[in-house]
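Listing of final-v3.cif; format and content: mmCIF, C-alpha atoms.
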data_start
#
loop_
_atom_site.label_atom_id
_atom_site.label_comp_id
_atom_site.auth_asym_id
_atom_site.auth_seq_id
_atom_site.Cartn_x
_atom_site.Cartn_y
_atom_site.Cartn_z
CA MET A 1 0.00 0.00 0.00
CA SER A 2 1.12 3.52 -0.68
CA ASN A 3 2.11 5.77 2.20
CA ARG A 4 -0.03 8.39 0.55
CA GLY A 5 -2.90 6.82 2.51
CA GLN A 6 -1.86 9.00 5.45
CA ARG A 7 -3.56 12.04 3.88
CA LYS A 8 -7.00 13.16 4.99
CA VAL A 9 -9.46 12.27 2.24
CA ASN A 10 -11.85 14.88 0.93
CA VAL A 11 -15.11 13.50 -0.43
CA ARG A 12 -17.85 15.92 -1.40
CA CYS A 13 -21.27 14.40 -1.79
CA GLY A 14 -24.74 15.81 -2.15
CA GLU A 15 -26.87 18.24 -4.08
CA HIS A 16 -25.58 19.65 -7.32
CA THR A 17 -24.83 23.37 -7.13
CA GLY A 18 -24.18 23.84 -10.83
CA LEU A 19 -20.40 23.55 -10.70
CA VAL A 20 -18.96 22.40 -14.00
CA THR A 21 -16.08 20.05 -14.50
CA THR A 22 -12.89 22.05 -14.80
CA GLY A 23 -10.93 19.70 -16.98
CA PHE A 24 -9.88 16.28 -18.10
CA CYS A 25 -6.83 14.61 -19.55
CA LEU A 26 -5.90 11.29 -21.07
CA PHE A 27 -3.10 9.12 -19.70
CA ASP A 28 -1.55 5.80 -20.67
CA THR A 29 -1.76 2.74 -18.40
CA ALA A 30 -1.15 -0.99 -18.63
CA LEU A 31 -4.86 -1.30 -19.60
CA GLY A 32 -4.62 1.27 -22.39
CA THR A 33 -5.39 4.98 -22.58
CA CYS A 34 -7.54 6.08 -19.65
CA ALA A 35 -8.86 9.52 -18.66
CA ILE A 36 -9.43 11.52 -15.51
CA ALA A 37 -11.80 14.47 -14.96
CA TRP A 38 -11.74 16.97 -12.10
CA ARG A 39 -13.16 20.06 -10.46
CA ALA A 40 -11.44 22.26 -7.91
CA ALA A 41 -12.68 20.12 -4.99
CA GLY A 42 -11.48 16.78 -6.34
CA ILE A 43 -11.67 14.07 -8.97
CA VAL A 44 -15.13 13.62 -10.51
CA GLY A 45 -14.46 10.90 -13.06
CA VAL A 46 -12.13 8.17 -14.23
CA GLN A 47 -12.66 6.53 -17.60
CA LEU A 48 -11.03 3.20 -18.33
CA SER A 49 -9.77 2.58 -21.84
CA GLU A 50 -12.42 2.39 -24.53
CA GLY A 51 -9.99 0.73 -26.95
CA SER A 52 -8.45 3.87 -28.45
CA PRO A 53 -7.52 7.35 -27.20
CA GLU A 54 -10.17 8.86 -29.48
CA ALA A 55 -12.93 6.61 -28.10
CA THR A 56 -11.85 7.28 -24.51
CA ARG A 57 -11.81 11.05 -25.14
CA ALA A 58 -15.26 10.90 -26.77
CA ARG A 59 -16.70 8.99 -23.79
CA VAL A 60 -15.29 11.53 -21.31
CA GLU A 61 -16.67 14.42 -23.34
CA ARG A 62 -20.13 12.78 -23.31
CA CYS A 63 -19.98 12.10 -19.55
CA PHE A 64 -18.61 15.54 -18.64
CA PRO A 65 -19.96 18.07 -21.15
CA GLY A 66 -18.13 21.37 -21.07
CA ALA A 67 -14.94 19.90 -19.59
CA LEU A 68 -11.81 21.11 -21.31
CA GLU A 69 -8.83 18.90 -22.05
CA HIS A 70 -5.64 20.33 -20.55
CA GLN A 71 -2.68 19.62 -18.31
CA PRO A 72 -3.71 18.38 -14.86
CA PRO A 73 -2.90 20.36 -11.72
CA THR A 74 -0.51 18.70 -9.25
CA PRO A 75 -3.13 16.84 -7.14
CA VAL A 76 -4.72 15.41 -10.29
CA GLN A 77 -1.31 14.43 -11.68
CA GLN A 78 -0.61 12.61 -8.40
CA ALA A 79 -3.97 10.83 -8.66
CA LEU A 80 -3.40 9.68 -12.24
CA ASP A 81 0.13 8.58 -11.35
CA GLY A 82 -1.35 6.52 -8.50
CA ILE A 83 -3.93 4.96 -10.81
CA ARG A 84 -1.24 4.22 -13.44
CA GLU A 85 1.01 2.59 -10.82
CA HIS A 86 -1.87 0.51 -9.44
CA LEU A 87 -2.80 -0.74 -12.90
CA GLY A 88 0.88 -1.51 -13.47
CA GLY A 89 0.91 -3.86 -10.48
CA ALA A 90 2.08 -1.58 -7.63
CA LEU A 91 -1.13 -2.09 -5.67
CA ASP A 92 -2.50 0.94 -3.84
CA ASP A 93 -5.92 1.38 -2.23
CA LEU A 94 -6.09 4.92 -3.75
CA ARG A 95 -8.11 6.15 -0.76
CA TRP A 96 -5.82 9.17 -0.50
CA ILE A 97 -7.28 10.66 -3.70
CA ASP A 98 -9.69 13.57 -3.09
CA LEU A 99 -13.08 12.98 -4.71
CA ASP A 100 -15.98 15.27 -5.53
CA PHE A 101 -19.35 13.49 -5.63
CA GLU A 102 -21.41 16.66 -5.82
CA GLY A 103 -24.68 15.85 -7.55
CA VAL A 104 -24.37 12.10 -6.90
CA PRO A 105 -27.37 10.62 -5.03
CA GLU A 106 -26.82 9.89 -1.34
CA PHE A 107 -27.51 6.16 -1.76
CA ASP A 108 -24.84 5.90 -4.46
CA CYS A 109 -22.36 7.84 -2.30
CA ASN A 110 -22.97 5.41 0.57
CA VAL A 111 -22.40 2.43 -1.75
CA TYR A 112 -19.19 4.02 -3.05
CA GLU A 113 -17.94 4.63 0.48
CA ILE A 114 -18.31 0.93 1.29
CA ALA A 115 -16.73 -0.13 -2.01
CA ARG A 116 -13.83 2.24 -1.43
CA ALA A 117 -13.09 0.53 1.90
CA ILE A 118 -12.50 -2.86 0.19
CA ASP A 119 -8.77 -3.55 0.03
CA PRO A 120 -7.09 -4.73 -3.17
CA GLY A 121 -7.39 -8.52 -3.33
CA ASP A 122 -10.56 -8.60 -1.23
CA THR A 123 -14.14 -8.69 -2.47
CA LEU A 124 -17.70 -8.28 -1.21
CA THR A 125 -20.95 -9.29 -2.86
CA TYR A 126 -23.74 -6.90 -3.81
CA GLY A 127 -25.75 -8.45 -0.97
CA GLU A 128 -22.96 -7.86 1.55
CA VAL A 129 -22.73 -4.21 0.54
CA ALA A 130 -26.52 -3.90 0.88
CA ALA A 131 -26.36 -5.48 4.34
CA ALA A 132 -23.56 -3.08 5.37
CA LEU A 133 -25.86 -0.23 4.33
CA GLY A 134 -28.57 -1.63 6.61
CA LYS A 135 -30.69 -2.48 3.54
CA PRO A 136 -30.35 -6.25 3.14
CA GLY A 137 -32.90 -6.41 0.31
CA ALA A 138 -31.14 -3.78 -1.81
CA ALA A 139 -28.55 -5.92 -3.65
CA GLN A 140 -30.00 -4.98 -7.04
CA ALA A 141 -29.97 -1.26 -6.15
CA VAL A 142 -26.33 -1.64 -5.06
CA GLY A 143 -25.50 -3.18 -8.45
CA GLN A 144 -27.24 -0.33 -10.24
CA ALA A 145 -25.36 2.27 -8.18
CA LEU A 146 -22.07 0.55 -8.99
CA GLY A 147 -23.05 0.52 -12.67
CA ARG A 148 -23.25 4.33 -12.45
CA ASN A 149 -19.88 4.63 -10.68
CA PRO A 150 -18.07 7.57 -12.29
CA LEU A 151 -14.73 6.61 -10.72
CA PRO A 152 -13.78 2.99 -11.46
CA ILE A 153 -10.49 1.92 -9.86
CA VAL A 154 -10.60 4.80 -7.32
CA VAL A 155 -14.04 3.56 -6.22
CA PRO A 156 -13.24 -0.11 -6.85
CA CYS A 157 -16.60 -1.39 -8.06
CA HIS A 158 -14.75 -4.33 -9.63
CA ARG A 159 -14.28 -5.69 -6.09
CA VAL A 160 -18.04 -6.18 -5.68
CA LEU A 161 -19.32 -9.49 -7.01
CA ALA A 162 -22.66 -11.20 -7.57
CA ALA A 163 -24.00 -13.89 -5.22
CA GLY A 164 -21.81 -16.98 -5.04
CA ASN A 165 -18.78 -14.82 -5.90
CA LYS A 166 -19.76 -14.75 -9.55
CA VAL A 167 -18.36 -11.84 -11.56
CA GLY A 168 -21.65 -9.98 -12.06
CA GLY A 169 -21.64 -6.94 -14.31
CA PHE A 170 -19.08 -4.27 -15.08
CA SER A 171 -19.86 -1.20 -17.14
CA ALA A 172 -16.33 0.17 -17.56
CA GLY A 173 -13.76 -0.73 -20.19
CA SER A 174 -14.36 -4.10 -21.86
CA GLY A 175 -16.98 -5.18 -19.34
CA THR A 176 -16.51 -8.33 -17.31
CA LEU A 177 -13.24 -9.17 -19.07
CA THR A 178 -11.74 -5.98 -17.60
CA LYS A 179 -13.29 -6.79 -14.20
CA ARG A 180 -11.62 -10.22 -14.23
CA GLU A 181 -8.28 -8.65 -15.27
CA LEU A 182 -8.47 -6.16 -12.41
CA LEU A 183 -9.29 -8.87 -9.88
CA ALA A 184 -6.43 -11.02 -11.20
CA LEU A 185 -4.05 -8.05 -11.00
CA GLU A 186 -5.02 -7.63 -7.33
CA HIS A 187 -4.67 -11.39 -6.62
CA ALA A 188 -8.29 -11.78 -5.55
CA PRO A 189 -8.94 -15.43 -4.60
CA GLY A 190 -10.43 -17.34 -7.52
CA PHE A 191 -9.35 -14.70 -10.04
CA ASP A 192 -5.57 -14.83 -9.85
CA ASP A 193 -5.28 -17.36 -12.67
CA PRO A 194 -4.36 -16.03 -16.14
CA VAL A 195 -7.28 -14.73 -18.18
CA LEU A 196 -7.70 -16.41 -21.56
CA PHE A 197 -8.72 -14.16 -24.44
#
Please, can you express the file's structure as structure tokens?
Amino acid sequence: MSNRGQRKVNVRCGEHTGLVTTGFCLFDTALGTCAIAWRAAGIVGVQLSEGSPEATRARVERCFPGALEHQPPTPVQQALDGIREHLGGALDDLRWIDLDFEGVPEFDCNVYEIARAIDPGDTLTYGEVAAALGKPGAAQAVGQALGRNPLPIVVPCHRVLAAGNKVGGFSAGSGTLTKRELLALEHAPGFDDPVLF
């Protein structure tokens, strides 16, 4: 784990006040070209590779209209470096990255908080996350919230599985193939075997 975890984490969550995304940039990783989007208060989005830099850029521009592509400020550069290192095998829980969930529903924020507490290599099921929320019948709602996760990797939705530790869904990157790759990278039990393409 990175010693960057010592920092106090800033997570803004709640009603949308009309703030627009300041910027975004693309960056190369072991999984391909990814992107990160931010506002002054923190990171608002991470986009896993869509297969090409152009497709990744187009997806970010759809998700964050009005965001301008430019050089990241120092805290954002540190965040993307941390993501790049994690995807390269230097595992980091990335909890030290400041996030801005303004405009994200409270239920989703609560799901993301639980997901963010799952260490690399560990997993929970949708039902276990629902139970931790005090809503044991809300496994499907948990899955839907994770499907809307704007920050894959930083909010590690790939560490949440379906009942019986089945993969379940994954809306980022190449879907469940990417989810399996991420779990294998993190040496999650049952997923640390090579993935066949």
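Considering only C-alpha atoms, the residue among A:Ala162, A:Leu133, A:Ala41, A:Leu87 positioned nearest to A:Ala184 is A:Leu87.
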Take the PyMOL selection byres ((chain A and resi 168-181) around 6), apply it to the structure above, and return the hits as a CSV table (one decimal) with C-alpha atoms, in the frame of the given file.
chain,number,residue,atom,x,y,z
A,48,LEU,CA,-11.0,3.2,-18.3
A,49,SER,CA,-9.8,2.6,-21.8
A,50,GLU,CA,-12.4,2.4,-24.5
A,147,GLY,CA,-23.0,0.5,-12.7
A,158,HIS,CA,-14.8,-4.3,-9.6
A,161,LEU,CA,-19.3,-9.5,-7.0
A,162,ALA,CA,-22.7,-11.2,-7.6
A,166,LYS,CA,-19.8,-14.8,-9.6
A,167,VAL,CA,-18.4,-11.8,-11.6
A,182,LEU,CA,-8.5,-6.2,-12.4
A,183,LEU,CA,-9.3,-8.9,-9.9
A,184,ALA,CA,-6.4,-11.0,-11.2
Quiz item: Once the PyMOL selection byres ((chain A and resi 26-33) around 10) has been applied to the shown file, what residues remain in the selection, as a ChimeraX atom specification?
Solution: /A:24-25,34-37,46-57,60,69-72,77,80-81,83-89,173,178,181-182
Self-check item: Nearest to A:Pro152 by atom-to-atom distance, counting only C-alpha atoms, from A:Cys109, A:Leu91, A:Leu68, A:Ala115
Solution: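 Closest to A:Pro152 of all the choices is A:Ala115.
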Quiz item: Can you list, as a PyMOL selection string, the residues that the PyMOL selection byres ((chain A and resi 43) around 8) selects here?
Solution: chain A and resi 36-39+41-42+44-46+76+97-100
Practice problem: Mind listing whatever residues come within 12 Å of the point (-22.0, 16.0, -19.2)? Use all atoms listed in the file, file coordinates, and give them as a list in words. | Solution: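 Residues lying no farther than 12 Å from the given point: Gly18, Leu19, Val20, Thr21, Thr22, Gly23, Ala37, Val44, Gly45, Ala58, Arg59, Val60, Glu61, Arg62, Cys63, Phe64, Pro65, Gly66, Ala67, Leu68, Gly103 and Pro150 of chain A.
Counting all atoms listed in the file and comparing A:Glu113, A:Pro156, A:Ala130, A:Ile118, the residue that lies closest to A:Phe101 is A:Glu113.
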Self-check item: Length of the atom CA of A:Ala139 to atom CA of A:Val111 vector [Å]
Solution: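 Computed distance, atom CA of A:Ala139 to atom CA of A:Val111, equals 10.5 Å.
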Take every atom of stretch 138-146 of chain A listed in the file, pad by 3 Å on each side, and give me the axis-aligned box centre and edge lengths in Å, one decimal, as JSON.
{"center_x": -26.6, "center_y": -1.8, "center_z": -6.0, "size_x": 15.1, "size_y": 14.2, "size_z": 14.4}
Quiz prompt | atom CA of A:Arg116 to atom CA of A:Asn165, distance in Å rounded to a single decimal | solution =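 So the two atoms, atom CA of A:Arg116 and atom CA of A:Asn165, lie 18.3 Å apart.
Minimum atom-to-atom distances from A:Gly137, A:Asp122, A:Asp93, A:Glu106 to A:Val160 were compared using all atoms listed in the file, and the lowest value belongs to A:Asp122.
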